[in-house]
Each structure stands twice: as structure tokens, then as C-alpha cells.
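Next up, entry.tsv (TSV, C-alpha atoms and all ligand atoms):
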chain	number	residue	atom	x	y	z
A	1	MET	CA	77.81	149.15	73.98
A	2	PRO	CA	78.65	149.07	77.67
A	3	LEU	CA	76.02	146.36	78.15
A	4	TYR	CA	77.54	144.33	75.35
A	5	ARG	CA	81.00	144.61	76.90
A	6	THR	CA	79.60	143.60	80.29
A	7	GLY	CA	77.98	140.58	78.67
A	8	MET	CA	81.22	139.54	77.02
A	9	THR	CA	83.10	139.88	80.30
A	10	LEU	CA	80.52	137.76	82.03
A	11	GLU	CA	80.79	135.14	79.33
A	12	ILE	CA	84.54	135.02	79.68
A	13	HIS	CA	84.24	134.62	83.40
A	14	VAL	CA	81.70	131.87	83.05
A	15	ALA	CA	83.91	130.15	80.50
A	16	LEU	CA	86.89	130.34	82.82
A	17	LEU	CA	84.85	128.95	85.68
A	18	VAL	CA	83.64	126.09	83.50
A	19	VAL	CA	87.22	125.26	82.51
A	20	LEU	CA	88.35	125.37	86.14
A	21	ALA	CA	85.49	123.15	87.23
A	22	ALA	CA	86.27	120.84	84.36
A	23	ILE	CA	89.89	120.51	85.41
A	24	ILE	CA	88.84	119.44	88.87
A	25	LEU	CA	86.19	117.10	87.57
A	26	ILE	CA	88.44	115.59	84.91
A	27	SER	CA	91.05	114.81	87.46
A	28	GLY	CA	88.53	113.45	89.90
A	29	LEU	CA	86.61	111.36	87.41
A	30	LEU	CA	89.12	110.22	84.84
A	31	ILE	CA	91.55	109.47	87.50
A	32	GLY	CA	89.09	108.45	89.98
A	33	ARG	CA	88.24	105.41	88.01
A	34	ALA	CA	90.78	103.20	89.49
A	35	LEU	CA	91.31	105.11	92.60
A	36	VAL	CA	93.11	103.03	94.87
A	37	LEU	CA	95.41	102.54	97.54
A	38	ARG	CA	98.92	101.89	98.12
A	39	ALA	CA	98.33	102.48	101.72
A	40	HIS	CA	100.04	99.52	103.22
A	41	ARG	CA	102.46	101.60	105.13
A	42	SER	CA	102.33	99.74	108.35
A	43	GLY	CA	105.26	97.42	108.44
A	44	ASP	CA	104.12	95.07	111.14
A	45	GLY	CA	101.57	92.37	111.18
A	46	GLY	CA	102.07	89.00	109.64
A	47	ALA	CA	99.99	86.07	108.78
A	48	GLY	CA	99.14	85.17	112.30
A	49	GLY	CA	95.64	83.86	112.33
A	50	THR	CA	93.29	83.13	115.10
A	51	THR	CA	91.96	79.68	114.90
A	52	ALA	CA	89.73	79.30	117.89
A	53	SER	CA	86.81	77.05	117.23
A	54	GLY	CA	84.11	78.17	119.56
A	55	ALA	CA	80.78	76.47	119.34
A	56	GLY	CA	78.26	78.98	118.19
A	57	PRO	CA	74.52	78.55	118.32
A	58	ASP	CA	73.27	76.29	115.60
A	59	SER	CA	70.99	78.77	113.99
A	60	THR	CA	70.50	79.84	110.43
A	61	GLY	CA	70.95	83.49	111.30
A	62	PRO	CA	68.85	86.44	110.27
A	63	ASP	CA	70.20	86.84	106.81
A	64	GLY	CA	67.26	85.66	104.85
A	65	ALA	CA	67.28	83.29	101.96
A	66	GLY	CA	70.80	83.63	100.72
A	67	SER	CA	72.41	80.49	99.47
A	68	GLY	CA	75.81	81.34	100.88
A	69	PRO	CA	79.10	80.10	99.56
A	70	GLY	CA	79.94	76.47	99.76
A	71	GLN	CA	77.52	75.46	102.46
A	72	ARG	CA	79.05	72.21	103.53
A	73	THR	CA	76.26	70.15	104.87
A	74	SER	CA	77.54	66.64	104.54
A	75	SER	CA	78.56	64.92	107.68
A	76	GLY	CA	81.95	63.40	107.95
A	77	GLU	CA	82.38	59.72	107.27
A	78	ASP	CA	83.08	57.09	109.87
A	79	GLY	CA	81.32	58.96	112.61
A	80	GLU	CA	83.37	62.13	112.32
A	81	PRO	CA	81.50	65.24	113.30
A	82	PRO	CA	80.27	67.27	110.32
A	83	ARG	CA	82.72	69.85	109.10
A	84	ARG	CA	81.34	73.30	109.55
A	85	ASP	CA	81.66	76.28	107.25
A	86	ARG	CA	84.25	78.85	108.10
A	87	ALA	CA	84.96	82.35	106.82
A	88	ALA	CA	88.44	83.81	106.49
A	89	LEU	CA	89.09	87.52	106.85
A	90	VAL	CA	92.12	88.96	105.08
A	91	VAL	CA	92.29	92.38	106.63
A	92	ASN	CA	94.48	95.42	106.09
A	93	PRO	CA	95.15	96.39	109.72
A	94	THR	CA	95.97	100.00	108.78
A	95	LYS	CA	92.40	100.71	107.70
A	96	ALA	CA	89.82	102.31	109.93
A	97	GLY	CA	87.22	99.69	110.70
A	98	ALA	CA	89.62	96.74	110.68
A	99	ASP	CA	89.07	95.92	114.37
A	100	ASP	CA	85.31	96.27	114.09
A	101	ALA	CA	85.44	93.88	111.14
A	102	ARG	CA	86.97	91.10	113.26
A	103	ARG	CA	84.36	91.48	116.00
A	104	LEU	CA	81.45	91.68	113.58
A	105	LEU	CA	82.58	88.67	111.59
A	106	LEU	CA	83.01	86.61	114.75
A	107	ARG	CA	79.48	87.45	115.86
A	108	LEU	CA	77.93	86.80	112.45
A	109	SER	CA	79.80	83.51	112.04
A	110	ARG	CA	78.49	82.31	115.41
A	111	GLU	CA	74.97	83.43	114.50
A	112	LYS	CA	75.15	81.22	111.45
A	113	GLY	CA	76.61	78.27	113.31
A	114	TRP	CA	79.88	78.54	111.40
A	115	GLU	CA	83.27	77.97	112.92
A	116	ASP	CA	84.96	81.05	114.32
A	117	PRO	CA	86.66	82.88	111.45
A	118	LEU	CA	90.27	82.68	110.45
A	119	VAL	CA	91.78	86.19	110.56
A	120	LEU	CA	94.90	87.01	108.57
A	121	GLU	CA	96.50	90.44	108.36
A	122	THR	CA	98.05	91.92	105.24
A	123	THR	CA	101.58	93.32	105.35
A	124	VAL	CA	103.65	95.63	103.21
A	125	ALA	CA	105.46	92.58	101.83
A	126	ASP	CA	102.28	90.63	101.16
A	127	PRO	CA	99.13	92.69	100.58
A	128	GLY	CA	96.85	89.65	100.56
A	129	GLU	CA	97.80	86.94	98.09
A	130	GLY	CA	99.69	84.72	100.50
A	131	GLN	CA	97.04	85.17	103.18
A	132	ALA	CA	94.28	84.21	100.74
A	133	ARG	CA	96.17	81.07	99.68
A	134	GLU	CA	96.64	80.11	103.30
A	135	ALA	CA	92.91	80.59	103.88
A	136	VAL	CA	92.14	78.28	100.95
A	137	ASP	CA	94.63	75.71	102.26
A	138	GLN	CA	92.93	75.83	105.64
A	139	GLY	CA	89.59	75.06	104.03
A	140	ALA	CA	87.86	78.44	104.21
A	141	THR	CA	84.38	78.52	102.70
A	142	VAL	CA	84.71	82.17	101.71
A	143	VAL	CA	87.66	84.57	101.87
A	144	ILE	CA	86.71	88.13	102.74
A	145	ALA	CA	89.01	90.94	101.62
A	146	ALA	CA	88.71	93.77	104.16
A	147	GLY	CA	90.58	96.78	102.85
A	148	GLY	CA	90.88	98.92	99.76
A	149	ASP	CA	91.03	97.92	96.11
A	150	GLY	CA	94.65	96.81	96.52
A	151	THR	CA	93.65	94.23	99.12
A	152	VAL	CA	90.67	93.10	97.03
A	153	ARG	CA	92.90	92.68	93.98
A	154	ALA	CA	95.50	90.67	95.89
A	155	VAL	CA	92.96	88.37	97.55
A	156	GLY	CA	90.85	88.01	94.41
A	157	GLY	CA	93.95	87.25	92.34
A	158	ALA	CA	94.83	84.38	94.65
A	159	LEU	CA	91.29	82.96	94.44
A	160	VAL	CA	91.16	82.97	90.62
A	161	GLY	CA	90.58	79.43	89.39
A	162	THR	CA	89.56	78.09	92.81
A	163	SER	CA	86.05	77.23	93.96
A	164	VAL	CA	86.38	79.51	97.01
A	165	ALA	CA	84.39	82.73	96.76
A	166	LEU	CA	85.66	86.25	97.36
A	167	GLY	CA	83.69	88.37	99.83
A	168	ILE	CA	84.36	92.10	100.15
A	169	LEU	CA	84.27	94.40	103.15
A	170	PRO	CA	85.03	97.78	101.53
A	171	LEU	CA	87.38	99.88	103.66
A	172	GLY	CA	89.12	101.89	100.94
A	173	THR	CA	88.83	105.04	98.88
A	174	GLY	CA	87.60	103.65	95.58
A	175	ASN	CA	86.02	100.30	96.47
A	176	LEU	CA	85.45	99.80	92.77
A	177	LEU	CA	84.78	96.06	92.63
A	178	ALA	CA	82.36	96.38	95.57
A	179	ARG	CA	80.48	99.09	93.67
A	180	ASN	CA	80.25	96.93	90.58
A	181	LEU	CA	78.96	93.96	92.58
A	182	ASP	CA	76.39	96.06	94.53
A	183	VAL	CA	78.14	95.30	97.81
A	184	VAL	CA	77.02	97.95	100.28
A	185	LEU	CA	79.82	100.44	101.01
A	186	ASP	CA	78.79	102.07	104.24
A	187	ARG	CA	77.31	99.26	106.31
A	188	PRO	CA	80.04	96.81	107.32
A	189	GLU	CA	77.62	94.40	108.95
A	190	TRP	CA	75.65	94.02	105.75
A	191	ALA	CA	78.77	93.71	103.63
A	192	LEU	CA	79.81	90.82	105.89
A	193	ARG	CA	76.33	89.29	105.80
A	194	THR	CA	76.58	89.45	102.02
A	195	ALA	CA	79.89	87.59	102.18
A	196	LEU	CA	78.43	84.86	104.40
A	197	SER	CA	74.87	84.63	103.13
A	198	GLY	CA	74.71	86.33	99.75
A	199	GLN	CA	74.63	84.60	96.40
A	200	SER	CA	77.79	83.47	94.71
A	201	ALA	CA	78.39	84.49	91.12
A	202	LEU	CA	81.10	83.62	88.64
A	203	ILE	CA	82.78	86.68	87.12
A	204	ASP	CA	85.56	87.38	84.63
A	205	THR	CA	88.93	88.72	85.67
A	206	GLY	CA	91.63	90.37	83.60
A	207	SER	CA	95.28	89.45	83.23
A	208	LEU	CA	98.11	91.69	82.22
A	209	ARG	CA	101.69	91.19	81.11
A	210	VAL	CA	104.33	93.85	80.65
A	211	ASP	CA	106.77	91.30	79.22
A	212	PRO	CA	105.65	88.79	76.55
A	213	ASP	CA	107.47	86.02	78.42
A	214	GLY	CA	106.88	87.35	81.93
A	215	PRO	CA	104.30	86.43	84.55
A	216	ALA	CA	100.69	87.55	84.26
A	217	ARG	CA	99.15	89.78	86.91
A	218	THR	CA	95.45	89.70	87.70
A	219	PHE	CA	93.21	92.74	87.68
A	220	LEU	CA	89.60	92.76	88.74
A	221	VAL	CA	88.30	96.16	87.68
A	222	MET	CA	90.67	97.90	85.26
A	223	ALA	CA	94.25	98.34	84.19
A	224	GLY	CA	95.91	100.81	81.93
A	225	ILE	CA	98.77	102.99	80.82
A	226	GLY	CA	99.39	106.71	80.60
A	227	PHE	CA	97.69	109.56	82.37
A	228	ASP	CA	95.79	107.60	84.99
A	229	ALA	CA	98.82	105.47	85.82
A	230	GLU	CA	100.99	108.59	86.13
A	231	VAL	CA	98.47	109.96	88.60
A	232	MET	CA	98.40	106.73	90.60
A	233	GLY	CA	102.16	106.88	90.76
A	234	THR	CA	102.36	110.42	92.08
A	235	VAL	CA	99.34	110.80	94.32
A	236	ASN	CA	100.24	112.16	97.71
A	237	GLU	CA	99.43	109.42	100.23
A	238	ASP	CA	99.09	111.78	103.16
A	239	LEU	CA	96.70	113.95	101.20
A	240	LYS	CA	94.75	110.85	100.21
A	241	ASP	CA	94.30	109.86	103.83
A	242	ARG	CA	92.93	113.30	104.55
A	243	VAL	CA	90.74	114.09	101.55
A	244	GLY	CA	90.19	110.74	99.83
A	245	TRP	CA	89.77	110.82	96.08
A	246	LEU	CA	90.34	114.58	95.89
A	247	ALA	CA	94.01	113.72	96.31
A	248	TYR	CA	93.80	112.17	92.86
A	249	ALA	CA	92.38	115.41	91.52
A	250	GLU	CA	95.37	117.23	92.92
A	251	ALA	CA	97.79	114.76	91.35
A	252	GLY	CA	95.77	114.79	88.13
A	253	SER	CA	95.96	118.52	87.74
A	254	ARG	CA	99.76	118.22	87.86
A	255	LYS	CA	99.79	115.55	85.15
A	256	LEU	CA	97.03	116.77	82.89
A	257	LEU	CA	99.12	118.38	80.19
A	258	GLY	CA	101.71	115.71	79.53
A	259	HIS	CA	102.53	114.74	75.96
A	260	ARG	CA	100.85	112.08	73.87
A	261	VAL	CA	102.54	108.79	73.05
A	262	ASP	CA	102.39	106.83	69.78
A	263	VAL	CA	100.96	103.36	70.28
A	264	THR	CA	99.90	100.40	68.18
A	265	VAL	CA	96.95	98.44	69.51
A	266	THR	CA	96.51	94.91	68.17
A	267	THR	CA	93.11	93.26	68.65
A	268	ASP	CA	91.99	89.59	68.70
A	269	ASP	CA	91.66	89.41	64.95
A	270	GLY	CA	95.17	90.72	64.37
A	271	GLU	CA	93.99	94.13	63.23
A	272	GLU	CA	96.39	96.92	64.15
A	273	ARG	CA	95.37	100.46	65.05
A	274	GLN	CA	97.73	103.40	65.43
A	275	ALA	CA	96.92	106.14	67.92
A	276	LYS	CA	98.47	109.02	69.79
A	277	ILE	CA	97.30	108.53	73.32
A	278	ARG	CA	97.30	110.12	76.73
A	279	SER	CA	95.78	107.06	78.30
A	280	ILE	CA	94.47	103.58	77.52
A	281	VAL	CA	92.36	101.75	80.07
A	282	ALA	CA	91.02	98.21	79.87
A	283	GLY	CA	87.93	97.60	81.96
A	284	ASN	CA	86.45	94.38	83.26
A	285	CYS	CA	83.49	96.35	84.60
A	286	GLY	CA	82.48	99.95	84.26
A	287	ARG	CA	81.17	101.70	87.35
A	288	LEU	CA	83.22	104.41	89.07
A	289	GLN	CA	82.60	106.81	91.90
A	290	GLY	CA	79.77	109.26	91.65
A	291	GLY	CA	77.62	106.97	89.54
A	292	VAL	CA	79.89	107.46	86.53
A	293	TRP	CA	80.21	104.59	84.09
A	294	LEU	CA	83.56	104.73	82.34
A	295	PHE	CA	82.68	101.71	80.19
A	296	PRO	CA	78.98	101.90	79.39
A	297	ASP	CA	78.97	98.52	77.61
A	298	ALA	CA	81.10	96.61	80.10
A	299	GLU	CA	79.66	93.54	81.77
A	300	ILE	CA	81.59	91.71	84.42
A	301	ASP	CA	80.67	88.30	83.08
A	302	ASP	CA	80.51	88.71	79.30
A	303	GLY	CA	83.92	87.22	78.55
A	304	LEU	CA	85.14	90.51	77.08
A	305	LEU	CA	87.35	93.42	78.05
A	306	ASP	CA	86.36	96.96	77.15
A	307	LEU	CA	89.19	99.21	76.01
A	308	LEU	CA	89.03	103.00	76.25
A	309	ILE	CA	91.59	105.00	74.27
A	310	VAL	CA	91.90	108.61	75.39
A	311	SER	CA	93.68	111.03	73.06
A	312	PRO	CA	93.15	114.70	73.92
A	313	ARG	CA	95.80	117.12	72.65
A	314	ASN	CA	95.16	119.95	75.08
A	315	LEU	CA	93.02	121.22	77.91
A	316	ALA	CA	90.09	122.06	75.69
A	317	GLU	CA	90.04	118.53	74.35
A	318	TRP	CA	90.23	117.15	77.88
A	319	VAL	CA	87.00	119.03	78.51
A	320	GLY	CA	85.57	117.17	75.53
A	321	VAL	CA	86.68	113.86	77.03
A	322	LEU	CA	85.05	114.80	80.31
A	323	THR	CA	81.75	115.72	78.73
A	324	SER	CA	81.77	112.45	76.79
A	325	ILE	CA	82.22	110.47	79.99
A	326	ILE	CA	79.73	112.43	82.05
A	327	GLY	CA	77.25	112.43	79.20
A	328	LYS	CA	77.67	108.64	78.82
A	329	ARG	CA	78.73	109.15	75.21
A	330	VAL	CA	82.14	107.55	75.52
A	331	ARG	CA	81.23	105.14	72.74
A	332	ARG	CA	81.19	107.98	70.22
A	333	GLY	CA	82.95	110.43	72.45
A	334	LEU	CA	85.20	113.36	71.78
A	335	HIS	CA	88.86	112.33	71.56
A	336	THR	CA	88.06	108.86	72.84
A	337	ALA	CA	87.62	105.50	71.17
A	338	THR	CA	86.32	102.23	72.59
A	339	LEU	CA	86.94	98.63	71.60
A	340	GLN	CA	85.77	95.28	72.93
A	341	GLY	CA	87.69	92.05	72.74
A	342	GLU	CA	89.26	89.11	74.52
A	343	THR	CA	92.86	90.24	74.15
A	344	PHE	CA	94.70	93.45	73.33
A	345	THR	CA	98.38	93.97	72.74
A	346	ILE	CA	99.71	97.50	73.04
A	347	ARG	CA	103.14	98.60	71.88
A	348	ALA	CA	104.23	102.12	72.75
A	349	SER	CA	106.96	104.25	71.20
A	350	GLU	CA	108.39	104.93	74.65
A	351	GLY	CA	108.04	103.74	78.23
A	352	VAL	CA	104.71	104.63	79.82
A	353	GLU	CA	103.49	104.13	83.36
A	354	VAL	CA	101.15	101.25	84.17
A	355	GLN	CA	98.39	100.93	86.77
A	356	VAL	CA	96.68	97.73	87.84
A	357	ASP	CA	93.43	98.30	89.74
A	358	GLY	CA	94.88	101.64	90.78
A	359	ASP	CA	98.26	100.40	91.95
A	360	ALA	CA	101.27	101.79	90.12
A	361	TYR	CA	103.05	98.95	88.32
A	362	GLY	CA	106.20	100.43	86.80
A	363	THR	CA	106.88	101.53	83.26
A	364	THR	CA	106.59	99.60	80.03
A	365	ASP	CA	106.46	99.93	76.25
A	366	PHE	CA	104.63	96.60	75.92
A	367	LEU	CA	101.33	95.60	77.43
A	368	GLU	CA	99.25	92.50	76.85
A	369	LEU	CA	95.74	92.45	78.28
A	370	ALA	CA	93.48	89.41	78.29
A	371	VAL	CA	90.16	88.44	79.81
A	372	GLU	CA	89.99	85.31	81.94
A	373	PRO	CA	86.34	84.36	81.50
A	374	ALA	CA	84.34	82.98	84.44
A	375	SER	CA	87.43	82.68	86.61
A	376	LEU	CA	86.42	84.00	90.05
A	377	TYR	CA	83.52	83.33	92.41
A	378	VAL	CA	82.31	86.41	94.24
A	379	MET	CA	79.61	86.99	96.84
A	380	ARG	CA	76.87	89.44	95.88
A	381	PRO	CA	73.83	90.57	97.85
A	382	THR	CA	70.61	88.67	97.31
A	383	PRO	CA	67.48	90.70	96.54
A	384	ASP	CA	66.41	89.97	100.11
A	385	ILE	CA	69.63	91.38	101.54
A	386	LYS	CA	69.25	94.49	99.38
A	387	ARG	CA	65.70	94.94	100.61
A	388	ARG	CA	66.74	94.58	104.24
A	389	ILE	CA	69.55	97.10	103.81
A	390	ARG	CA	67.15	99.54	102.21
A	391	ARG	CA	64.62	99.07	104.96
A	392	GLU	CA	67.23	99.57	107.67
A	393	ALA	CA	68.58	102.66	105.92
A	394	PHE	CA	65.17	104.23	105.66
A	395	GLY	CA	64.50	103.41	109.28
A	396	LEU	CA	67.68	105.16	110.35
A	397	SER	CA	67.65	108.09	108.01
A	398	THR	CA	65.46	109.65	105.39
A	399	ALA	CA	68.37	111.12	103.49
A	400	GLY	CA	69.48	109.03	100.56
A	401	GLY	CA	69.60	105.30	100.10
A	402	PRO	CA	72.03	102.77	101.45
A	403	TYR	CA	74.22	102.78	98.39
A	404	LEU	CA	76.34	105.85	98.91
A	405	THR	CA	78.48	105.90	95.83
A	406	ILE	CA	80.78	108.85	96.41
B	501	MG	MG	83.52	92.38	80.50

Could you rewrite the structure in this file as C-alpha cells?
Ligand SMILES: [Mg+2]
Amino acid sequence: MPLYRTGMTLEIHVALLVVLAAIILISGLLIGRALVLRAHRSGDGGAGGTTASGAGPDSTGPDGAGSGPGQRTSSGEDGEPPRRDRAALVVNPTKAGADDARRLLLRLSREKGWEDPLVLETTVADPGEGQAREAVDQGATVVIAAGGDGTVRAVGGALVGTSVALGILPLGTGNLLARNLDVVLDRPEWALRTALSGQSALIDTGSLRVDPDGPARTFLVMAGIGFDAEVMGTVNEDLKDRVGWLAYAEAGSRKLLGHRVDVTVTTDDGEERQAKIRSIVAGNCGRLQGGVWLFPDAEIDDGLLDLLIVSPRNLAEWVGVLTSIIGKRVRRGLHTATLQGETFTIRASEGVEVQVDGDAYGTTDFLELAVEPASLYVMRPTPDIKRRIRREAFGLSTAGGPYLTI
């Protein structure tokens, strides 16, 4: 009898520990999906670019066989000198690594025989869209977003529908698009080499409206309403600077037990579904931190959005959601449902918070989500670049590969 009681006590303790761990993981993972940054706190800066045109060595550089974006090779007419390729860097100056990025890009551009890069800083008022448009106007071959997911979204949004490719130098917390494009996260030089000498690919983007007659806003990775958006809206920025994505876990634990909202989801074919939700997230691609795939079926170039509807009633059901996601069983998961389509319209019984690639975007009871197929050129690593990164990583360290995903 005493042994039996001891066993029961142990079981209860283990169960409590599991629930505690689950709370932390739920917050970190569910939330962590769009993890991003509203970190543009520095008020200065401005779109002052450097436009020096130093003459670099006319070499092909050590990047291997990448095709590179654009690659203007034609000489000008009427005896004009040939116009050389030029990268633009749209950089969030508040991020660690921003200064190194300028120096590295200058060196790599000269190695390739490109013009010296155009450098434009983001500001609180303009996190990247205006700078990216200016770069396009000035004839940039590729526009590199150097910052967190907010910078990447702003720059990418401005490049949608143009023939100018988006390069990414990940300097943020989530770096979700970089992860989904296999852009190396922890080696800035190789991320920049990928932007200059990788292969360009045409991907889908998403667009979102919170007013049927209002303007559309671009998202590159995911957008949604409910729990995750509430967390994005309340995450402590100072904590985020100190502990990264764990700050979202902290905010998540405060928001976990909110109430469910009645929604109607209308799909492409006009079919309506009713649900009581804690969260709905539309994904353009599926990879999150920690190797977790929130949308196991999502492809970034399939012309479809994946929709995840999350409906747990209580903590125990949240644990079910978590196990579904970790176990890659979201498709038939506990308290979750998934849909694929080109457009979704969501009407909610009350105002719910919205997040767009991790940025809080106000409150709405109406949300229209649509895929914009094949609308953005991006630079991805070539197999050769991947091999070189791997080789360099193994030469420097035997612990782990180059793709650190946490
Ligand atoms: Mg897709």
C-alpha cells in the first residue's frame, strides 16, 4: 500500500511536470511560429544611401557556379560603358551585425566586379518598403533585407511583382523566411554570397485585408488572428532583446487561457465552416524554429495557402495541440483542422487581434487572405554554396552543421 501511494504521487508529479513543460513549449512553439520583431525603436536614420562607385577587380569571385540575380552582361549602346550589377542593402541599423553587413557586402561586391552597393537604412516610420522601392528605382540587381522578419516582409512586399530579387541577411529572432529558403542563419558572409551568387526562384506571397474595400498587405510566411496575434501584441520588447524567442513563451503563458471566438471561414468554393477558435493561421510556407513544421503540406511555390484552425478549450487540449504539432500530425491533429486553398474569408463574432509575419496589425472581425502565386523572386543557395558552407562549418567546428535552426 505505501508503495502504491508512492507510485501515485510520483505519477502526479510527473504529470505536473509534463504539463508545465508543455506550457512552456506550447508558448514557444505555437507562438514562435511567426516570431518577429517590432524592434525598430531607433528613431534616427533615414534613406541616405552611399553611392560610391569604386572600381573593383573584374573577377568572378569565389562563389562557385551560382547564376546570380539579373546578371547584366550587355554593354551599353553607342559606346557607353557596360552597366554593372549592383546590390542594395536595406538594413535595420538597430540590429547587431548591421555594420559588419555593410563592410562584408562592399567587399563581396568588389570581388564580383559589381558596383559598390547602395545602402539604405530602415526607420521607425519606414521599416523597408520605401527603401526597397528606391533601390529598384536606382536599378539594383538584388535588394538584400538585413534585419528581422519585419524588415524582410517590408522589403519583400515592395519587390512583389517586380523582376528584382529579394536577398536575405538574417539578423532577427525568427528569421522564418530565411529558414524556409535554406538561407544560412549564422554565417553572414554566406548569406550575402547567396544573395549575390545564389539561384533566383519565384515564390508565392500572401495578401491580407482587414477591410473588404481596404488596401491589401503582403505577408511572406504567415498571418493570422487570435492567440498568436495577442502574443505578438503583448510581447515584452526588452525581454525579447535579452532572451529572444523565450520572450514569446512568457507572453504566451499570459495569454494561453483566453476565450474562444465564433468564426465563419469561407473557402474558394463558397463553402462555409463554423468554428470556435483560439487561433487561425494562414501559412505560405511551414518551417518554424527548432525544426518544427507548422504546416506539413505547405509549399512556398504551390499557389496555395495552408490554413490552420486551432480550437482548444482548455489547458489539457492545448497539450493536445502541442503534441499534434510536435508529432507532425497537425493534419489530423487534436483540436486543430487544416485547409488548403487560394483564398479564405474569415468573419468573427467579435474583434480579434491580427498578426502579419509576426507584426501586430490591430484588431478586426473580418479577414480576407489570398495567395499571390509566383509573385516574388528570391535568392536561394545553390547546391555548391550549401556544400561550401558545410565544408567551412566542419572545418571550423565538429559540433553540428551550419544550419542552426534554433
Ligand atoms: Mg503554399

d(CA of Asn180 (chain A), CA of Glu368 (chain A)) in Å: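 Computing the Euclidean distance for CA of Asn180 (chain A) and CA of Glu368 (chain A) yields 23.9 Å.
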
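Considering only C-alpha atoms, the residue among A:Leu208, A:Pro215, A:Ile385, A:Ala298 positioned nearest to Phe344 (chain A) is A:Leu208.
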
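Of the listed residues A:Arg209, A:Thr382, A:Arg347, A:Asp204, the one whose atoms come nearest to ligand MG 501 (chain B) is A:Asp204, with distances taken using all atoms listed in the file.
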
Set out as CSV a contact list for chain A and ligand MG 501 (chain B) with a cut-off of 10 Å, giving each residue of chain A that qualifies its closest atom pair and distance in Å to one decimal, counting all atoms listed in the file, ordered by chain and rising residue number.
residue,atom,partner,partner_atom,distance
A:Ile203,CA,B:MG501,MG,8.8
A:Asp204,CA,B:MG501,MG,6.8
A:Thr205,CA,B:MG501,MG,8.3
A:Gly206,CA,B:MG501,MG,8.9
A:Val221,CA,B:MG501,MG,9.4
A:Ala282,CA,B:MG501,MG,9.5
A:Gly283,CA,B:MG501,MG,7.0
A:Asn284,CA,B:MG501,MG,4.5
A:Cys285,CA,B:MG501,MG,5.7
A:Gly286,CA,B:MG501,MG,8.5
A:Phe295,CA,B:MG501,MG,9.4
A:Asp297,CA,B:MG501,MG,8.2
A:Ala298,CA,B:MG501,MG,4.9
A:Glu299,CA,B:MG501,MG,4.2
A:Ile300,CA,B:MG501,MG,4.4
A:Asp301,CA,B:MG501,MG,5.6
A:Asp302,CA,B:MG501,MG,4.9
A:Gly303,CA,B:MG501,MG,5.5
A:Leu304,CA,B:MG501,MG,4.2
A:Leu305,CA,B:MG501,MG,4.7
A:Asp306,CA,B:MG501,MG,6.3
A:Leu307,CA,B:MG501,MG,9.9
A:Gln340,CA,B:MG501,MG,8.4
A:Gly341,CA,B:MG501,MG,8.8
A:Glu342,CA,B:MG501,MG,8.9
A:Val371,CA,B:MG501,MG,7.8
A:Glu372,CA,B:MG501,MG,9.7
A:Pro373,CA,B:MG501,MG,8.6

Any idea what the distance is between CA of Val356 (chain A) and CA of Leu169 (chain A)?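 So the answer is 20.0 Å.
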
What's the 6 Å shell around Ser207 (chain A), counting all atoms listed in the file, without same-chain residues fewer than 6 positions away, as a list in words?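 Answer for this query is Ala216, Arg217, Thr218, Phe219, Leu369 and Ala370 of chain A.
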
Return the padded bounding box of region 208-225 of chain A as JSON: axis-aligned, built from all atoms listed in the file, 5 Å added on each side, with centre and edge lengths in Å to one decimal.
{"center_x": 97.9, "center_y": 94.5, "center_z": 82.6, "size_x": 29.2, "size_y": 27.0, "size_z": 22.2}

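Computed from the coordinates, the CA of Glu350 (chain A) to CA of Ala337 (chain A) distance equals 21.1 Å.
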
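Nearest residue to Gly224 (chain A) among A:Val354, A:Val90, A:Val142, A:Ile389 is A:Val354, counting all atoms listed in the file.
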
Residue nearest Gly150 (chain A) among A:Gly270, A:Pro312, A:Gly358, A:Gly113 (counting only C-alpha atoms): A:Gly358

For Leu367 (chain A): contacts at 6 Å, all atoms listed in the file, fewer than 3 positions along chain excluded, given as a ChimeraX atom specification: /A:209-210,345-346
